[in-house]
Amino acid sequence: YNSRPYLARGWTTFESAVSTEALARLAYFPGLGKLLEERLPPKVVEIDGAGPRVAEMEDRADEGMGPRNKRVIAAIEAASFTGKGDKPVVVQLYRKYALKVNKAMVDSGEKVKGEYEGEYNAAGEREGRGVMRYADGDVYDGEWKAGKRDGRGVYRYADGSADTAFYKQEAKVGEGLYLTATTATRLRDGKGVALISLEEARRTVKRLGLPLPSPFPTTDGTVYEGDRYELSHEHAAEVSNTKTCKGGAMQGEYEGEYNAAGEREGRGVMRYADGD
């Protein structure tokens, strides 16, 4: 007999989360939710009360998917597992499941409402550089054309993971990366094809000239804060992150905009090692 409370057990915490993940996300797809309610019988049933009943979401309508994902992951990490090594595996299982559920709902064609901040073309369509913050907590920061994601961009999911990729009319094309706090996956046309090291991920970002997601994990436990466009290898030698001072050259880190030649141009911040 296991006397540990149900929600203190690792696998049951995971099961409770995945059984309500779709219900939570349907709050941002009301049309799809209505259609499913009309056409499909309930598949998740509560059995811990006086009698069986259809499972309902806990009333957290204003929580948002980002806080929910963080809450679920924190609960899994705080729970007890009997198997050694189960905990990190279950966290990754939850992340992957949440992404699959979200993708399935996005593929339904219903758009999640969001707030856009950025550039427009003469026709009033989103075009150039811009940020879209969606109601479910996802954020896209990158390039647009004719109102659609088109070009280089970072798509940060509500759970904290992120894609950095090339887009063509909303679809991810070519080589890209999917990153969590501890892992990196190489993408091909938006699909995962291979796990790679964090250092290889950083080299890939520089080689492709893709934006660097924020925060970007490193092998020494630190993170790079702030989305920024890394120089491709052709231009790496053309830009110096140093300043001249009495003691010689001072190294620094640049965050901001570049021109087509890979030179710092536009709005940007340079943080030097001496605090300037």
# chains A, B, ... in the order shown; residues from 1 in each chain; ligands from 1

$ closest_atom_pairs --of "region 11-95 of chain A" --to "region 177-191 of chain A" --cutoff "12 Å" --atoms "only C-alpha atoms" --output "CSV"
residue,atom,partner,partner_atom,distance
A:Pro88,CA,A:Thr182,CA,10.2
A:Val89,CA,A:Thr183,CA,12.0
A:Val91,CA,A:Thr180,CA,11.0
A:Gln92,CA,A:Thr180,CA,9.2
A:Arg95,CA,A:Thr180,CA,9.1

$ residues_around --residues "region 72-81 of chain A" --least-positions-apart "4" --cutoff "7 Å" --atoms "only C-alpha atoms" --output "PDB file with all heavy atoms, in the first residue's frame"
ATOM      1  N   ALA A   8       1.272  13.855  -4.744  1.00  0.00           N
ATOM      2  CA  ALA A   8       2.681  13.925  -4.359  1.00  0.00           C
ATOM      3  C   ALA A   8       3.498  12.874  -5.093  1.00  0.00           C
ATOM      4  O   ALA A   8       4.710  12.819  -4.963  1.00  0.00           O
ATOM      5  CB  ALA A   8       2.834  13.748  -2.851  1.00  0.00           C
ATOM      6  N   ARG A   9       2.827  12.035  -5.879  1.00  0.00           N
ATOM      7  CA  ARG A   9       3.501  10.996  -6.640  1.00  0.00           C
ATOM      8  C   ARG A   9       3.819  11.523  -8.042  1.00  0.00           C
ATOM      9  O   ARG A   9       2.992  12.199  -8.669  1.00  0.00           O
ATOM     10  CB  ARG A   9       2.623   9.752  -6.751  1.00  0.00           C
ATOM     11  CG  ARG A   9       2.137   9.215  -5.418  1.00  0.00           C
ATOM     12  CD  ARG A   9       1.211   8.036  -5.638  1.00  0.00           C
ATOM     13  NE  ARG A   9       0.406   7.768  -4.458  1.00  0.00           N
ATOM     14  CZ  ARG A   9      -0.575   6.877  -4.425  1.00  0.00           C
ATOM     15  NH1 ARG A   9      -0.871   6.188  -5.529  1.00  0.00           N
ATOM     16  NH2 ARG A   9      -1.265   6.689  -3.325  1.00  0.00           N
ATOM     17  N   GLY A  10       4.994  11.218  -8.530  1.00  0.00           N
ATOM     18  CA  GLY A  10       5.452  11.782  -9.787  1.00  0.00           C
ATOM     19  C   GLY A  10       4.613  11.425 -10.998  1.00  0.00           C
ATOM     20  O   GLY A  10       4.139  12.302 -11.725  1.00  0.00           O
ATOM     21  N   THR A  13       1.083  12.776 -10.924  1.00  0.00           N
ATOM     22  CA  THR A  13       1.086  14.219 -11.184  1.00  0.00           C
ATOM     23  C   THR A  13       1.148  14.477 -12.687  1.00  0.00           C
ATOM     24  O   THR A  13       0.430  15.331 -13.229  1.00  0.00           O
ATOM     25  CB  THR A  13       2.282  14.884 -10.486  1.00  0.00           C
ATOM     26  OG1 THR A  13       2.174  14.684  -9.076  1.00  0.00           O
ATOM     27  CG2 THR A  13       2.329  16.379 -10.777  1.00  0.00           C
ATOM     28  N   PHE A  14       1.991  13.729 -13.372  1.00  0.00           N
ATOM     29  CA  PHE A  14       2.105  13.826 -14.832  1.00  0.00           C
ATOM     30  C   PHE A  14       0.779  13.452 -15.494  1.00  0.00           C
ATOM     31  O   PHE A  14       0.299  14.146 -16.404  1.00  0.00           O
ATOM     32  CB  PHE A  14       3.226  12.901 -15.297  1.00  0.00           C
ATOM     33  CG  PHE A  14       3.289  12.706 -16.785  1.00  0.00           C
ATOM     34  CD1 PHE A  14       3.716  13.729 -17.625  1.00  0.00           C
ATOM     35  CD2 PHE A  14       2.931  11.485 -17.346  1.00  0.00           C
ATOM     36  CE1 PHE A  14       3.786  13.546 -19.001  1.00  0.00           C
ATOM     37  CE2 PHE A  14       3.002  11.292 -18.720  1.00  0.00           C
ATOM     38  CZ  PHE A  14       3.420  12.315 -19.551  1.00  0.00           C
ATOM     39  N   ALA A  17      -1.792  16.133 -15.230  1.00  0.00           N
ATOM     40  CA  ALA A  17      -1.486  17.280 -16.095  1.00  0.00           C
ATOM     41  C   ALA A  17      -1.858  17.013 -17.546  1.00  0.00           C
ATOM     42  O   ALA A  17      -2.510  17.837 -18.192  1.00  0.00           O
ATOM     43  CB  ALA A  17      -0.009  17.631 -15.979  1.00  0.00           C
ATOM     44  N   ARG A  68       0.686  28.060 -16.318  1.00  0.00           N
ATOM     45  CA  ARG A  68       0.238  26.668 -16.116  1.00  0.00           C
ATOM     46  C   ARG A  68       1.387  25.705 -16.371  1.00  0.00           C
ATOM     47  O   ARG A  68       1.631  24.797 -15.571  1.00  0.00           O
ATOM     48  CB  ARG A  68      -0.927  26.337 -17.061  1.00  0.00           C
ATOM     49  CG  ARG A  68      -1.260  24.826 -17.057  1.00  0.00           C
ATOM     50  CD  ARG A  68      -2.263  24.440 -18.111  1.00  0.00           C
ATOM     51  NE  ARG A  68      -2.198  23.011 -18.377  1.00  0.00           N
ATOM     52  CZ  ARG A  68      -2.795  22.061 -17.660  1.00  0.00           C
ATOM     53  NH1 ARG A  68      -3.496  22.393 -16.588  1.00  0.00           N
ATOM     54  NH2 ARG A  68      -2.678  20.776 -17.976  1.00  0.00           N
ATOM     55  N   ASP A  86      13.763   9.073 -13.378  1.00  0.00           N
ATOM     56  CA  ASP A  86      12.433   9.274 -13.962  1.00  0.00           C
ATOM     57  C   ASP A  86      12.058  10.748 -14.071  1.00  0.00           C
ATOM     58  O   ASP A  86      11.417  11.169 -15.039  1.00  0.00           O
ATOM     59  CB  ASP A  86      11.365   8.560 -13.129  1.00  0.00           C
ATOM     60  CG  ASP A  86      11.298   7.076 -13.428  1.00  0.00           C
ATOM     61  OD1 ASP A  86      12.077   6.612 -14.283  1.00  0.00           O
ATOM     62  OD2 ASP A  86      10.476   6.374 -12.813  1.00  0.00           O
ATOM     63  N   LYS A  87      12.451  11.545 -13.087  1.00  0.00           N
ATOM     64  CA  LYS A  87      11.963  12.927 -13.002  1.00  0.00           C
ATOM     65  C   LYS A  87      12.287  13.749 -14.250  1.00  0.00           C
ATOM     66  O   LYS A  87      11.377  14.328 -14.867  1.00  0.00           O
ATOM     67  CB  LYS A  87      12.510  13.596 -11.746  1.00  0.00           C
ATOM     68  CG  LYS A  87      11.903  14.965 -11.470  1.00  0.00           C
ATOM     69  CD  LYS A  87      12.352  15.501 -10.101  1.00  0.00           C
ATOM     70  CE  LYS A  87      11.801  14.650  -8.981  1.00  0.00           C
ATOM     71  NZ  LYS A  87      12.099  15.234  -7.650  1.00  0.00           N
ATOM     72  N   VAL A  91       9.515  15.273 -17.077  1.00  0.00           N
ATOM     73  CA  VAL A  91       9.430  16.700 -17.428  1.00  0.00           C
ATOM     74  C   VAL A  91       9.478  16.863 -18.944  1.00  0.00           C
ATOM     75  O   VAL A  91       8.688  17.618 -19.530  1.00  0.00           O
ATOM     76  CB  VAL A  91      10.566  17.510 -16.759  1.00  0.00           C
ATOM     77  CG1 VAL A  91      10.648  18.911 -17.354  1.00  0.00           C
ATOM     78  CG2 VAL A  91      10.338  17.596 -15.258  1.00  0.00           C
TER      79      VAL A  91
END

$ atom_distance --atom1 "CA of Asp150 (chain A)" --atom2 "CA of Gln169 (chain A)"
5.4 Å

$ select_by_dssp --residues "region 61-113 of chain A" --states "helix (DSSP H, G or I)" --output "ChimeraX atom specification"
/A:65-78,86-106

$ closest_atom_pairs --of "region 57-117 of chain A" --to "region 136-146 of chain A" --cutoff "7 Å" --atoms "only C-alpha atoms" --output "CSV"
residue,atom,partner,partner_atom,distance
A:Gly64,CA,A:Asp136,CA,5.7
A:Met65,CA,A:Asp136,CA,5.3
A:Gly66,CA,A:Gly137,CA,5.3

$ residues_around --residues "region 131-134 of chain A" --least-positions-apart "6" --cutoff "10 Å" --atoms "only C-alpha atoms" --output "VMD selection string"
chain A and resid 28 111 to 119 140 to 144 149 153 to 158

$ atom_distance --atom1 "CA of Leu99 (chain A)" --atom2 "CA of Asp159 (chain A)"
9.0 Å

$ closest_residue --among "A:Ala50, A:Ala123, A:Ala135, A:Leu7" --to "Phe29 (chain A)" --atoms "only C-alpha atoms"
A:Ala135

$ closest_residue --among "A:Leu32, A:Val54, A:Ser108, A:Arg203" --to "Ser19 (chain A)" --atoms "only C-alpha atoms"
A:Val54

$ atom_distance --atom1 "CA of Leu198 (chain A)" --atom2 "CA of Gly83 (chain A)"
26.9 Å

$ select_by_dssp --residues "region 78-179 of chain A" --states "strand (DSSP E or B)" --output "ChimeraX atom specification"
/A:80,114-120,126-134,139-145,148-156,162-168,171-179

$ write_last_selection --atoms "C-alpha atoms" --output "CSV table (one decimal), in the first residue's frame"
chain,number,residue,atom,x,y,z
A,80,SER,CA,8.4,11.8,-5.6
A,114,GLY,CA,-2.7,38.3,-30.0
A,115,GLU,CA,-1.2,41.7,-29.8
A,116,TYR,CA,1.3,42.9,-32.4
A,117,GLU,CA,4.0,45.5,-32.0
A,118,GLY,CA,6.2,46.2,-34.9
A,119,GLU,CA,6.4,47.4,-38.5
A,120,TYR,CA,3.8,47.5,-41.2
A,126,ARG,CA,2.5,43.2,-40.7
A,127,GLU,CA,5.8,43.4,-42.5
A,128,GLY,CA,9.4,43.9,-41.4
A,129,ARG,CA,10.5,43.2,-37.8
A,130,GLY,CA,7.8,42.7,-35.2
A,131,VAL,CA,6.6,40.9,-32.0
A,132,MET,CA,3.3,39.1,-31.7
A,133,ARG,CA,2.3,38.2,-28.1
A,134,TYR,CA,-0.5,35.6,-28.2
A,139,VAL,CA,5.5,34.9,-28.4
A,140,TYR,CA,6.9,35.3,-31.9
A,141,ASP,CA,9.7,37.8,-32.4
A,142,GLY,CA,11.1,38.1,-35.9
A,143,GLU,CA,10.4,39.0,-39.5
A,144,TRP,CA,7.1,39.3,-41.2
A,145,LYS,CA,5.9,39.7,-44.8
A,148,LYS,CA,2.6,36.4,-42.1
A,149,ARG,CA,5.7,35.1,-40.3
A,150,ASP,CA,8.3,35.2,-43.1
A,151,GLY,CA,12.0,35.3,-42.6
A,152,ARG,CA,14.1,34.7,-39.5
A,153,GLY,CA,12.4,34.5,-36.1
A,154,VAL,CA,12.2,33.1,-32.6
A,155,TYR,CA,9.0,31.4,-31.5
A,156,ARG,CA,8.9,31.2,-27.7
A,162,ALA,CA,11.7,28.1,-28.1
A,163,ASP,CA,12.2,27.5,-31.8
A,164,THR,CA,14.7,29.6,-33.9
A,165,ALA,CA,14.1,29.1,-37.5
A,166,PHE,CA,13.4,30.4,-41.0
A,167,TYR,CA,9.7,31.0,-41.9
A,168,LYS,CA,8.0,31.0,-45.3
A,171,ALA,CA,5.6,27.5,-42.0
A,172,LYS,CA,9.1,26.7,-40.7
A,173,VAL,CA,11.5,25.8,-43.6
A,174,GLY,CA,15.0,24.5,-43.8
A,175,GLU,CA,17.3,24.1,-40.8
A,176,GLY,CA,16.4,25.4,-37.4
A,177,LEU,CA,16.6,24.6,-33.7
A,178,TYR,CA,14.3,23.7,-30.8
A,179,LEU,CA,15.7,24.6,-27.4
